[in-house]
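Undergrad: Please read through the structure below; I'll follow up with questions.
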Amino acid sequence: MQTPTQEVERELRQSVVIRFAGDSGDGMQLTGTQFTTATALMGNDLATFPDFPAEIRAPAGTTYGVSGFQIHFADHDILTPGDEPEVLVAMNPAALKVNLPALVRGGLLIINTGAFTRQNLDKAGYTTNPLEDGSLAPYRVLAIDITALTLASVQDFNLGAKAAGRCKNLWTLGLMFWLFGRSRESTVEWLRRKFAKDPNLAEANVAALNAGHVYGETAELPQGVGIYQVAKAELAPGTYRNVNGNDALAWGLVAGAQLAGLPLFYGSYPITPASTLLHALAKLKSFDVVTFQAEDEIAAVAAAIGASFGGSLGVTGTSGPGVALKTEAIGLAIATELPLVICDVQRGGPSTGLPTKTEQSDLFQAVWGRNGDAPLVVLAAATPGDCFYMGIEAVRLATKYMTPVMLLSDGFIANSAEPWKLPRFSDFEPFPVHHHTGPVEGFHPSLRDPKTYGRVWVKPGTPGLMHRIGGIEKGQDSGNISYDPDNHHAMTKLRAEKVARVADDVPEATLDSGEPGGELVVVGWGSTYGAIRQAVAQVRAKGRNVAHLHLRNLWPLPRGLAALLRGFDQIMVPEMNNGQLDRLLRAELLVDARGFNKIAGQPFRIAELAAEIERRLGVAPSPHANVDVRA
Amino acid sequence: MTKNPPTLSKKDFSSDQEVRWCPGCGDYAILAAMQRTLPEVGAKPETTVFVSGIGCSSRFPYYMSTYGFHTIHGRAPAVATGLKISRPELDVWVITGDGDGLSIGGNHLLHVLRRNVNLQIILFNNQIYGLTKGQYSPTSAVGKVTPSSPVGSIDQPICPARVALGANARFVARGYDVSKQLPDLFKAAYEFRGSAFVEVLQNCPVFNDGVFDLITDRKQGPQHQLWLEDGRPMITADGKKGVRLDPKTLQVEVVTLGEGGVTEDDLLVHDETNATLAWLISDLPEVKALGVLYRDPSAPVYDDAVRAQSEMARQKGGGDIDALLRSGHVWDVT
């Protein structure tokens, strides 16, 4: 690798937010991921946010086909992918059109002029060419014909026009590596591995990458195109890797199954944004994992229940629409008191809604969305890395209490990457499952642990303990079918009590930041963690006594929550939905929880949360028109 | 320990639960046939599991002293698939009906069969919805008058055996509730490796009484029963009729032996491994093909394949969580 030959001054920055944007076929997710790896290896802390359309290849050049990848990296601990990009890479007019409003004024704009043809301008809805009409004046523009330079860089490889053109994301990446002083090494390695069967293609891509880098080294950049340097972050000592939420969740489930001493059966039907969970687990067969791509969502959960009946850990994963389809079967697992983990990687809207956009609107469905007083345990992961721990916790609770556990993640956590300090597996306390084997005398399938109320779990194949379970109400003292009115009353109460007792087995409610008894507490759950934490920190830095409480146990709620919340003057509940946790807290705790709701398919920005906290404290009016405040 | 453990009997497979089907229901005979079959094939109650959906037939597991799972409507094949994949050493039976298996659970029946999961599926076909009090089912005849079709059903019925064949089932058989041969069919299904599908014509004395009389009645039955035997010409049980192929139309027809010079040599000879033949005779107008229509033991079994992939992965090593977390790019901060 060469060192930069052009004398440049790199402005030292604490953090930078870059957004890569292009056609969904331009390889922006790949570019972003590679930039992420190189950035992590540089020692920066980082957070990413891939944002892509539902269409795999939307018609080229259209605004609805624009795919984006935002990365925030810093010399300090960060928790969100950043509010507004300071650097925007726009591979075509549509990408510029969609993303320019987000770019901070004075931000660096890197544009592929080769894509700014009349046709593409029309498709993006530009009547005049923004490169010529002065509309980009507020930004620092680096306009380069990336298309032509890419084709020139790979001409010796005889790729054919289409394949050659596809290398332009690597060219761009090369330039970005130079601009931000990252090493190309990890990407070169990755290319040679990925295209091991086609070395010519691998080397063509490497050539494009190098050409982009050389362009930065040698081309005289226009005046004003400052480039940044971000020092290493001071992270806690340890071994790190980048991880996204679905990978971390897959590993957490596998780790949980090992701690329980059970084989893991994962039944799933592909659905965005949960499919990568299936992909991740399908690769882990050597961990005593069986994955089953079922014919539909119902079969996926039904097979998982069948596996649990057989003594394995049954797990199913899906998104909101899939949970709806699985609901009856989840009720069966509740009635038969079998362990089951249901991972709901939430997405936007009812029905198909916004499949590739994030939302946290399945809380009601998770907690209350079943027929016939059917309680289960609901957990929520806060960050990509947290998915690992919550995966383990879901397995622990499901097997200890013989109950379905729903684990809520969302599209943001699933796809976002963050550096994760790796735990040591030996630090986790095993929770081995002991399948019931006797005595035969006095056995019936409704025998239960007097403390947890967990039902006995007998593996078919166990001599002498043959029994039948099913969805029809069963006698509390026999396990046989019972239509007795008092028994049904008692069984309904028992099912509720069993789940309620989980609260004694999980941490009491505590503040994530701030002190009890302040002016305002922000109560969040799920992927809003990073934005809330930073927003609270900003407001606290101005001397206000605000706090942050993040719920990982949504049902049952942790002990001590009501008392803790009542100590604050105000309770603010930001959610990416139309108000669910605030109502749940009101219903369960009789506290004055007030929602702050963003239902845009996009995560909260720190600034909008901080502004809202301050507005509620009487400091400033909310400047954000797209945020609906429901009092 | 005795060298030869005492052989089990029918009562070893009967649970202590009172059987609650309507008096005269065909389900009793099917239950008895199953309880007779299992000791004969050497099955053990502790390694046998009955999985059912919802409907009259699906109460079946409660009456067996084996392991049992009464699941939800239509989903038994999926539950059973999960169980069988994770516990291949168990004998898994799916009990379903024409509504459970062909209506609400049609999709799962299709997929368990095409995957060829090693389990037995017994579909009780009474051509009616019994438990919900007598509505027409996907196998009910056109014109069937029921509470939900007061002037007659307008739905075209489907033939369960053809659904199974269409789904690439490798074992398809048909019997009827009070038939003496029913244990033999269960035995054949049990011994088959792969998904074994058995349709049992079953009388519902309350909502559809006598719907199969033409086939099951002692007097008129034999002239309508076509019991199939591998390698034998297709002749009805009364010995008077047979099935012949018209090579010009590729249609099969029922012919009377001795009429117009028809002899046994003109008749089709059953070949269990011939799926085309099974299709041709599965839905004849005048006679009902009974016995094993189709059997192809050569097809790969799903749970074997699952196990083979797991074994292959295990041989490559693995199972170390720390190594898993540290695979790919990692870096140390000191």
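Order determines the names: the first chain of the structure tokens is A, the second B, and so forth; residues in each chain are numbered 1 upward, and ligands are numbered 1 upward as they are shown.
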Specify as a PyMOL selection string all residues of chain A found within 6 Å of chain B, counting only C-alpha atoms.
TA: chain A and resi 237-241+285-287+299+302-304+306-307+310+425+461-463+466-471
Undergrad: Near range 519-523 of chain A, within 6 Å and counting only C-alpha atoms, which residues show up once chain neighbours fewer than 3 positions away are dropped, as a list of chain:residue names?
TA: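 Here the qualifying residues turn out to be A:Asn545, A:Val546, A:Ala547, A:His548, A:Leu549, A:His550, A:Phe568, A:Asp569, A:Gln570, A:Ile571, A:Met572, A:Val573.
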Undergrad: Please extract the residues of range 461-490 of chain A with a backbone DSSP assignment of strand (DSSP E or B) and present them as a PyMOL selection string.
TA: chain A and resi 468-470+474+481
Undergrad: Mind writing the picked residues with all heavy atoms as a PDB file, in the first residue's frame?
TA:
ATOM      1  N   ARG A 468     -50.306 -37.311  27.231  1.00  0.00           N
ATOM      2  CA  ARG A 468     -50.835 -36.566  26.110  1.00  0.00           C
ATOM      3  C   ARG A 468     -50.997 -35.112  26.531  1.00  0.00           C
ATOM      4  O   ARG A 468     -51.509 -34.838  27.629  1.00  0.00           O
ATOM      5  CB  ARG A 468     -52.206 -37.120  25.673  1.00  0.00           C
ATOM      6  CG  ARG A 468     -52.161 -38.328  24.764  1.00  0.00           C
ATOM      7  CD  ARG A 468     -51.560 -39.584  25.362  1.00  0.00           C
ATOM      8  NE  ARG A 468     -52.264 -40.067  26.535  1.00  0.00           N
ATOM      9  CZ  ARG A 468     -51.793 -40.998  27.367  1.00  0.00           C
ATOM     10  NH1 ARG A 468     -50.599 -41.552  27.155  1.00  0.00           N
ATOM     11  NH2 ARG A 468     -52.488 -41.378  28.418  1.00  0.00           N
ATOM     12  N   ILE A 469     -50.551 -34.197  25.675  1.00  0.00           N
ATOM     13  CA  ILE A 469     -50.821 -32.787  25.929  1.00  0.00           C
ATOM     14  C   ILE A 469     -51.594 -32.244  24.738  1.00  0.00           C
ATOM     15  O   ILE A 469     -51.679 -32.881  23.691  1.00  0.00           O
ATOM     16  CB  ILE A 469     -49.526 -31.967  26.146  1.00  0.00           C
ATOM     17  CG1 ILE A 469     -48.616 -32.044  24.909  1.00  0.00           C
ATOM     18  CG2 ILE A 469     -48.784 -32.450  27.393  1.00  0.00           C
ATOM     19  CD1 ILE A 469     -47.434 -31.083  24.972  1.00  0.00           C
ATOM     20  N   GLY A 470     -52.165 -31.067  24.909  1.00  0.00           N
ATOM     21  CA  GLY A 470     -52.924 -30.497  23.807  1.00  0.00           C
ATOM     22  C   GLY A 470     -53.507 -29.154  24.167  1.00  0.00           C
ATOM     23  O   GLY A 470     -53.379 -28.678  25.301  1.00  0.00           O
ATOM     24  N   LYS A 474     -56.683 -28.286  30.340  1.00  0.00           N
ATOM     25  CA  LYS A 474     -56.329 -29.504  31.068  1.00  0.00           C
ATOM     26  C   LYS A 474     -56.532 -29.319  32.567  1.00  0.00           C
ATOM     27  O   LYS A 474     -56.351 -28.215  33.091  1.00  0.00           O
ATOM     28  CB  LYS A 474     -54.857 -29.864  30.799  1.00  0.00           C
ATOM     29  CG  LYS A 474     -54.563 -30.171  29.334  1.00  0.00           C
ATOM     30  CD  LYS A 474     -55.307 -31.423  28.861  1.00  0.00           C
ATOM     31  CE  LYS A 474     -54.860 -31.875  27.491  1.00  0.00           C
ATOM     32  NZ  LYS A 474     -55.246 -30.941  26.417  1.00  0.00           N
ATOM     33  N   ILE A 481     -58.053 -33.782  29.901  1.00  0.00           N
ATOM     34  CA  ILE A 481     -59.014 -32.783  29.428  1.00  0.00           C
ATOM     35  C   ILE A 481     -59.978 -32.438  30.561  1.00  0.00           C
ATOM     36  O   ILE A 481     -60.472 -33.320  31.261  1.00  0.00           O
ATOM     37  CB  ILE A 481     -59.806 -33.337  28.227  1.00  0.00           C
ATOM     38  CG1 ILE A 481     -58.877 -33.503  27.030  1.00  0.00           C
ATOM     39  CG2 ILE A 481     -60.973 -32.424  27.873  1.00  0.00           C
ATOM     40  CD1 ILE A 481     -59.546 -34.128  25.815  1.00  0.00           C
TER      41      ILE A 481
END
Undergrad: Please provide as a list in words all residues within 9 Å of Ala33 in chain B, with the sequence filter that same-chain residues fewer than 4 positions apart are discarded (counting only C-alpha atoms).
TA: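 Once the nearby chain positions are removed, what remains is Tyr28, Ala29, Thr37, Leu38, Asp177, Val178, Lys180, Leu182, Pro183 and Phe186 of chain B.
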Undergrad: Could you dump the residues just selected with C-alpha atoms as an mmCIF file, in the first residue's frame?
TA:
data_model
loop_
_atom_site.group_PDB
_atom_site.id
_atom_site.type_symbol
_atom_site.label_atom_id
_atom_site.label_comp_id
_atom_site.auth_asym_id
_atom_site.auth_seq_id
_atom_site.Cartn_x
_atom_site.Cartn_y
_atom_site.Cartn_z
ATOM 1 C CA TYR B 28 -63.718 -46.726 17.069
ATOM 2 C CA ALA B 29 -62.773 -49.321 14.483
ATOM 3 C CA THR B 37 -51.256 -53.081 14.853
ATOM 4 C CA LEU B 38 -48.694 -51.500 17.133
ATOM 5 C CA ASP B 177 -62.801 -48.105 8.967
ATOM 6 C CA VAL B 178 -64.315 -51.564 9.538
ATOM 7 C CA LYS B 180 -60.173 -56.394 8.303
ATOM 8 C CA LEU B 182 -56.807 -51.955 7.950
ATOM 9 C CA PRO B 183 -54.097 -53.236 10.374
ATOM 10 C CA PHE B 186 -51.089 -49.462 9.048
#
Undergrad: For range 171-182 of chain A, list every protein, DNA or RNA residue within 7 Å, evaluated using only C-alpha atoms, and leave out those in the same chain fewer than 5 positions away; present the list as a list in words.
TA: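 That gives Thr31, Ala38, Thr39, Met42, Thr150, Ala208, Leu209, Asn210, Ala211, Gly212, His213, Tyr215, Gly216, Ile227, Tyr228 and Gln229 of chain A.
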